[in-house]
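Undergrad: Got a structure for you, written out below as structure tokens; questions coming shortly.
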Amino acid sequence: MNQRVKTILKLLLTGLVTTMVRIAGQLSIPAGEQTVLPPSLFAQNGTMPLAFTVYGIFAYTGIAALFLLIRGRMGGGRLSQGIQYGLSCCVVWIVYLLEPLPHVAPLDRITYPIADSLALLVMGLLLGLLFGISGQKVPETRSRKYPLVSILAITACFLAGRLLLYTAAGIYSSFADQPAETLLWCLLTGVSAACVMAWLNRRVNENGRIRKALVLGCLLFGADLALFNFFMPLVFSADIPDLILRTLTDIFTVTAGCLTLPSGQTDIRS
């Protein structure tokens with residue numbers, strides 16, 4: 001068995017175990033009631049458990065594979081490397097789960113972040129165990145740990161994109177009824193995404209501002225976000241064009257903001 005096949009099998013195993021942990025978490029969440037969105041076709045015909053399992057394995061395997069892009073420039077032990085990556089995914093998922101939307105119950109803002117974070121941390125542990133690199137030496141250069149200008153730029157781009165979506169595109173949101181809470185969420189999400197991108201920027205082995213921004217915004221943020229967002233149609237009869245529009249806009253704005261991040265190699269231990 002060659003190395004590529006072994007890598008794929010390890011990633012699939014990680015996706016499978018992570019999905020099982022997430023399903024266990026879902027079963028422990030109290031059943032909530034909402035009347036805003038109708039149930040999905042999968043929920044109506046009883047195939048949602050199967051659909052969730054299949055998509056979960058696909059999504060978590062894809063998110064796990066992104067770890068291979070950054071493991072070569074991560075410090076710490078093998079398990080620490082995986083946990084660091086899992087935590088970076090947790091930050092993005094948690095802030096998106098906190099988005100004020102008409103169908104989200106207050107309890108869901110607590111239970112779902114816990115269940116998703118647990119699954120992502122298990123994923124991180126498995127990634128560290130299976131793919132972590134121990135004893136690697138990483139080139140050391142001087143750099144600012146979290147460049148403030150870049151964080152502000154990414155936040156501003158995200159906020160501008162969301163304002164355009166709310167006012168011009170009229171996407172599904174609570175902006176009309178809860179403008180202050182929605183804008184506060186946009187600010188929190190923009191800052192959170194910016195900090196995660198600044199952290200990941202120091203671990204991406206790419207030179208060139210545009211190439212690095214594409215890896216950060218389109219892959220490490222964009223693929224993660226897209227796979228996260230499309231769990232929703234498994235449960236609810238969601239507006240797919242609306243979901244695609246908001247996903248692509250968020251990816252584009254964060255990628256644009258990532259152009260302001262340092263483009264050279266940086267010190268992961270700074």
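Each chain in the structure tokens gets a letter, A, B, ..., in the order shown, and its residues are numbered from 1; ligands are numbered from 1 in order too.
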Select from segment 15-123 of chain A every residue with an atom at most 6 Å from any atom of segment 188-206 of chain A, then for each give the shortest pair of atoms and their distance in Å to one decimal, using only C-alpha atoms, rows by chain and rising number, as a Markdown table.

TA:
```
| residue | atom | partner | partner_atom | distance |
| --- | --- | --- | --- | --- |
| A:Ile70 | CA | A:Arg203 | CA | 5.3 |
| A:Arg73 | CA | A:Arg203 | CA | 5.0 |
| A:Val95 | CA | A:Thr189 | CA | 5.7 |
```

Undergrad: Please dump the current selection as an mmCIF file, in the first residue's frame; keep N, CA, C and O atoms.

TA:
```
data_model
loop_
_atom_site.group_PDB
_atom_site.id
_atom_site.type_symbol
_atom_site.label_atom_id
_atom_site.label_comp_id
_atom_site.auth_asym_id
_atom_site.auth_seq_id
_atom_site.Cartn_x
_atom_site.Cartn_y
_atom_site.Cartn_z
ATOM 1 N N ILE A 70 -0.618 22.820 6.739
ATOM 2 C CA ILE A 70 0.054 23.651 7.745
ATOM 3 C C ILE A 70 0.928 22.869 8.715
ATOM 4 O O ILE A 70 1.707 23.470 9.453
ATOM 5 N N ARG A 73 4.817 23.501 9.425
ATOM 6 C CA ARG A 73 5.335 24.705 10.077
ATOM 7 C C ARG A 73 4.685 24.930 11.432
ATOM 8 O O ARG A 73 4.508 26.062 11.871
ATOM 9 N N VAL A 95 -18.376 31.015 16.216
ATOM 10 C CA VAL A 95 -18.914 32.350 15.916
ATOM 11 C C VAL A 95 -20.038 32.273 14.879
ATOM 12 O O VAL A 95 -21.009 33.031 14.955
#
```

Undergrad: Excluding same-chain residues fewer than 3 positions from Tyr112 of chain A, what lies within 8 Å of it counting only C-alpha atoms, as a PyMOL selection string?

TA: chain A and resi 26+29+97+108-109+115-116

Undergrad: With only C-alpha atoms as the atoms that count, which of A:Phe231, A:Pro147, A:Gly170, A:Gln178 lies nearest to Leu261 of chain A?

TA: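 Using only C-alpha atoms, the shortest distance to Leu261 of chain A belongs to A:Pro147.
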
Undergrad: Quick check, in Å to one decimal: how far apart do atom CA of Leu214 of chain A and atom CA of Phe230 of chain A lie?

TA: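 Between atom CA of Leu214 of chain A and atom CA of Phe230 of chain A the gap works out to 21.2 Å.
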
Undergrad: As a ChimeraX atom specification, please: every residue in segment 159-243 of chain A that a backbone DSSP assignment puts in helix (DSSP H, G or I).

TA: /A:159-169,179-201,209-229,232-235,240-243

Undergrad: Considering only C-alpha atoms, return as a short mmCIF file (atom, residue, chain, number, x, y, z; two decimals) with C-alpha atoms, in the first residue's frame whatever protein or nucleic-acid residues lie within 12 Å of Leu163 of chain A, sequence-local ones (same chain, fewer than 3 positions apart) excluded.

TA:
```cif
data_model
loop_
_atom_site.label_atom_id
_atom_site.label_comp_id
_atom_site.auth_asym_id
_atom_site.auth_seq_id
_atom_site.Cartn_x
_atom_site.Cartn_y
_atom_site.Cartn_z
CA ALA A 156 -13.57 45.68 7.76
CA CYS A 157 -13.84 43.59 4.58
CA PHE A 158 -16.07 41.04 6.28
CA LEU A 159 -18.29 43.74 7.78
CA ALA A 160 -18.61 45.53 4.43
CA TYR A 166 -28.17 42.61 4.31
CA THR A 167 -29.05 45.85 2.56
CA ALA A 168 -28.72 45.07 -1.16
CA ALA A 169 -29.21 41.32 -1.43
CA GLY A 170 -31.64 40.94 1.46
CA ILE A 171 -30.25 37.60 2.61
CA SER A 173 -31.06 37.19 8.61
CA PHE A 175 -30.89 42.34 10.47
CA ALA A 176 -34.30 44.03 10.08
CA PRO A 179 -29.75 45.33 13.58
CA THR A 182 -26.51 41.41 13.96
CA LEU A 183 -23.84 44.07 13.46
CA LEU A 184 -22.20 43.12 16.76
CA TRP A 185 -22.08 39.53 15.54
CA CYS A 186 -20.50 40.70 12.26
CA LEU A 187 -17.82 42.55 14.21
CA ARG A 246 -23.54 34.36 1.77
CA THR A 249 -19.32 36.58 -0.16
CA ASP A 250 -17.77 35.74 3.21
CA THR A 253 -14.18 39.32 1.70
#
```

Undergrad: Between A:Thr47, A:Ser40, A:Thr247, A:Thr19, which is the closest to Leu165 of chain A once you count only C-alpha atoms?

TA: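 Of A:Thr47, A:Ser40, A:Thr247, A:Thr19, the one nearest Leu165 of chain A is A:Thr247, counting only C-alpha atoms.
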
Undergrad: I'd like the neighbourhood of Gly124 of chain A as a PyMOL selection string, where a residue qualifies if any of its atoms comes within 8 Å (using only C-alpha atoms), though same-chain residues fewer than 3 positions away should be ignored.

TA: chain A and resi 64+79+81-87+120-121+127-128

Undergrad: For C-alpha atoms, I'd like the residues from the last selection saved as a PDB file, in the first residue's frame.

TA:
```pdb
ATOM      1  CA  ALA A  64      -9.028  17.156   8.261  1.00  0.00           C
ATOM      2  CA  LEU A  79      -0.927  16.018  19.655  1.00  0.00           C
ATOM      3  CA  GLN A  81      -0.297  20.417  16.601  1.00  0.00           C
ATOM      4  CA  GLY A  82      -3.588  18.642  15.991  1.00  0.00           C
ATOM      5  CA  ILE A  83      -5.310  20.318  18.921  1.00  0.00           C
ATOM      6  CA  GLN A  84      -4.141  23.741  17.743  1.00  0.00           C
ATOM      7  CA  TYR A  85      -5.695  23.120  14.346  1.00  0.00           C
ATOM      8  CA  GLY A  86      -8.891  21.760  15.911  1.00  0.00           C
ATOM      9  CA  LEU A  87      -9.168  24.861  18.092  1.00  0.00           C
ATOM     10  CA  LEU A 120     -13.522  19.166  16.152  1.00  0.00           C
ATOM     11  CA  LEU A 121     -11.244  18.642  19.134  1.00  0.00           C
ATOM     12  CA  LEU A 127      -4.847  14.455  13.225  1.00  0.00           C
ATOM     13  CA  GLY A 128      -2.025  15.049  15.679  1.00  0.00           C
TER      14      GLY A 128
END
```

Undergrad: Using Å and a single decimal, report how far atom CA of Gly222 of chain A sits from atom CA of Val92 of chain A.

TA: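 These two atoms are separated by 10.6 Å.
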
Undergrad: Got a sec: who's within 8 Å of Asp224 of chain A, counting only C-alpha atoms, leaving out chain neighbours fewer than 5 positions off, as number ranges by chain?

TA: A: 63, 89, 219

Undergrad: Could you turn the residues from that selection into a file that holds C-alpha atoms, as an mmCIF file, in the first residue's frame?

TA:
```cif
data_model
loop_
_atom_site.group_PDB
_atom_site.id
_atom_site.type_symbol
_atom_site.label_atom_id
_atom_site.label_comp_id
_atom_site.auth_asym_id
_atom_site.auth_seq_id
_atom_site.Cartn_x
_atom_site.Cartn_y
_atom_site.Cartn_z
ATOM 1 C CA ILE A 63 -11.534 19.667 6.896
ATOM 2 C CA CYS A 89 -11.680 25.365 13.421
ATOM 3 C CA LEU A 219 -9.002 26.837 1.458
#
```

Undergrad: Quick one: which segment 59-120 of chain A residues come within 12 Å of segment 51-54 of chain A, and what is the nearest atom pair for each with the distance in Å to one decimal, counting only C-alpha atoms, rows ordered by chain and ascending number, as a tab-separated table?

TA:
```
residue	atom	partner	partner_atom	distance
A:Ala59	CA	A:Val54	CA	8.7
A:Tyr60	CA	A:Val54	CA	10.2
A:Thr61	CA	A:Val54	CA	10.8
```

Undergrad: Which one is closest to Leu125 of chain A: A:Val17, A:Phe58, A:Met74, A:Asn45? Count only C-alpha atoms.

TA: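 Of the candidates, the smallest distance to Leu125 of chain A is held by A:Val17.
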
Undergrad: Measure the distance from atom CA of Gly77 of chain A to atom CA of Pro262 of chain A in Å and round it to one decimal.

TA: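 Going from atom CA of Gly77 of chain A over to atom CA of Pro262 of chain A, I get 25.8 Å.
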
Undergrad: Write out as a VMD selection string each polymer residue whose atoms come within 9 Å of Tyr172 of chain A, counting only C-alpha atoms; drop sequence neighbours fewer than 3 positions from it.

TA: chain A and resid 101 to 102 166 175 239 242 to 243

Undergrad: Just write the chosen residues, all heavy atoms, as an mmCIF file, in the first residue's frame.

TA:
```cif
data_model
loop_
_atom_site.group_PDB
_atom_site.id
_atom_site.type_symbol
_atom_site.label_atom_id
_atom_site.label_comp_id
_atom_site.auth_asym_id
_atom_site.auth_seq_id
_atom_site.Cartn_x
_atom_site.Cartn_y
_atom_site.Cartn_z
ATOM 1 N N LEU A 101 -30.092 34.398 13.866
ATOM 2 C CA LEU A 101 -30.985 34.042 12.765
ATOM 3 C C LEU A 101 -32.375 33.733 13.334
ATOM 4 O O LEU A 101 -32.489 33.258 14.467
ATOM 5 C CB LEU A 101 -30.438 32.832 12.010
ATOM 6 C CG LEU A 101 -29.121 33.056 11.251
ATOM 7 C CD1 LEU A 101 -28.581 31.739 10.717
ATOM 8 C CD2 LEU A 101 -29.318 34.055 10.115
ATOM 9 N N PRO A 102 -33.431 33.992 12.565
ATOM 10 C CA PRO A 102 -34.796 33.829 13.094
ATOM 11 C C PRO A 102 -35.117 32.434 13.627
ATOM 12 O O PRO A 102 -35.925 32.293 14.549
ATOM 13 C CB PRO A 102 -35.673 34.159 11.876
ATOM 14 C CG PRO A 102 -34.840 35.080 11.048
ATOM 15 C CD PRO A 102 -33.437 34.584 11.209
ATOM 16 N N TYR A 166 -26.955 42.283 3.575
ATOM 17 C CA TYR A 166 -28.173 42.614 4.312
ATOM 18 C C TYR A 166 -29.002 43.684 3.616
ATOM 19 O O TYR A 166 -30.236 43.583 3.559
ATOM 20 C CB TYR A 166 -27.816 43.105 5.723
ATOM 21 C CG TYR A 166 -27.150 42.069 6.604
ATOM 22 C CD1 TYR A 166 -26.133 42.426 7.485
ATOM 23 C CD2 TYR A 166 -27.524 40.728 6.569
ATOM 24 C CE1 TYR A 166 -25.513 41.486 8.301
ATOM 25 C CE2 TYR A 166 -26.914 39.780 7.365
ATOM 26 C CZ TYR A 166 -25.905 40.170 8.234
ATOM 27 O OH TYR A 166 -25.292 39.238 9.036
ATOM 28 N N PHE A 175 -31.369 40.954 10.552
ATOM 29 C CA PHE A 175 -30.892 42.335 10.471
ATOM 30 C C PHE A 175 -32.029 43.345 10.612
ATOM 31 O O PHE A 175 -31.873 44.370 11.288
ATOM 32 C CB PHE A 175 -30.162 42.560 9.152
ATOM 33 C CG PHE A 175 -29.581 43.935 9.011
ATOM 34 C CD1 PHE A 175 -28.466 44.313 9.756
ATOM 35 C CD2 PHE A 175 -30.131 44.862 8.143
ATOM 36 C CE1 PHE A 175 -27.926 45.586 9.632
ATOM 37 C CE2 PHE A 175 -29.601 46.133 8.014
ATOM 38 C CZ PHE A 175 -28.491 46.496 8.760
ATOM 39 N N ASP A 239 -32.817 27.971 1.878
ATOM 40 C CA ASP A 239 -32.725 28.639 0.585
ATOM 41 C C ASP A 239 -31.294 28.453 0.072
ATOM 42 O O ASP A 239 -30.374 29.145 0.511
ATOM 43 C CB ASP A 239 -33.063 30.126 0.748
ATOM 44 C CG ASP A 239 -33.113 30.868 -0.574
ATOM 45 O OD1 ASP A 239 -32.530 30.379 -1.560
ATOM 46 O OD2 ASP A 239 -33.730 31.949 -0.628
ATOM 47 N N ASP A 242 -29.421 31.469 -1.465
ATOM 48 C CA ASP A 242 -29.079 32.389 -0.388
ATOM 49 C C ASP A 242 -27.843 31.893 0.365
ATOM 50 O O ASP A 242 -26.918 32.663 0.657
ATOM 51 C CB ASP A 242 -30.270 32.514 0.573
ATOM 52 C CG ASP A 242 -29.992 33.430 1.754
ATOM 53 O OD1 ASP A 242 -29.285 33.005 2.691
ATOM 54 O OD2 ASP A 242 -30.500 34.566 1.760
ATOM 55 N N LEU A 243 -27.816 30.599 0.644
ATOM 56 C CA LEU A 243 -26.688 30.008 1.374
ATOM 57 C C LEU A 243 -25.397 30.100 0.562
ATOM 58 O O LEU A 243 -24.325 30.392 1.101
ATOM 59 C CB LEU A 243 -27.011 28.554 1.708
ATOM 60 C CG LEU A 243 -26.109 27.836 2.716
ATOM 61 C CD1 LEU A 243 -26.106 28.565 4.054
ATOM 62 C CD2 LEU A 243 -26.557 26.395 2.892
#
```

Undergrad: When you count only C-alpha atoms, which of these residues is closest to Gly208 of chain A: A:Thr260, A:Asn229, A:Thr111, A:Ser117?

TA: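 Using only C-alpha atoms, Gly208 of chain A sits closest to A:Thr260.
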
Undergrad: Return the single residue from A:Leu234, A:Leu66, A:Val91, A:Ala105 that is closest to Ala43 of chain A, with distances computed using only C-alpha atoms.

TA: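 Going through A:Leu234, A:Leu66, A:Val91, A:Ala105 one by one, the smallest distance to Ala43 of chain A is for A:Leu234.
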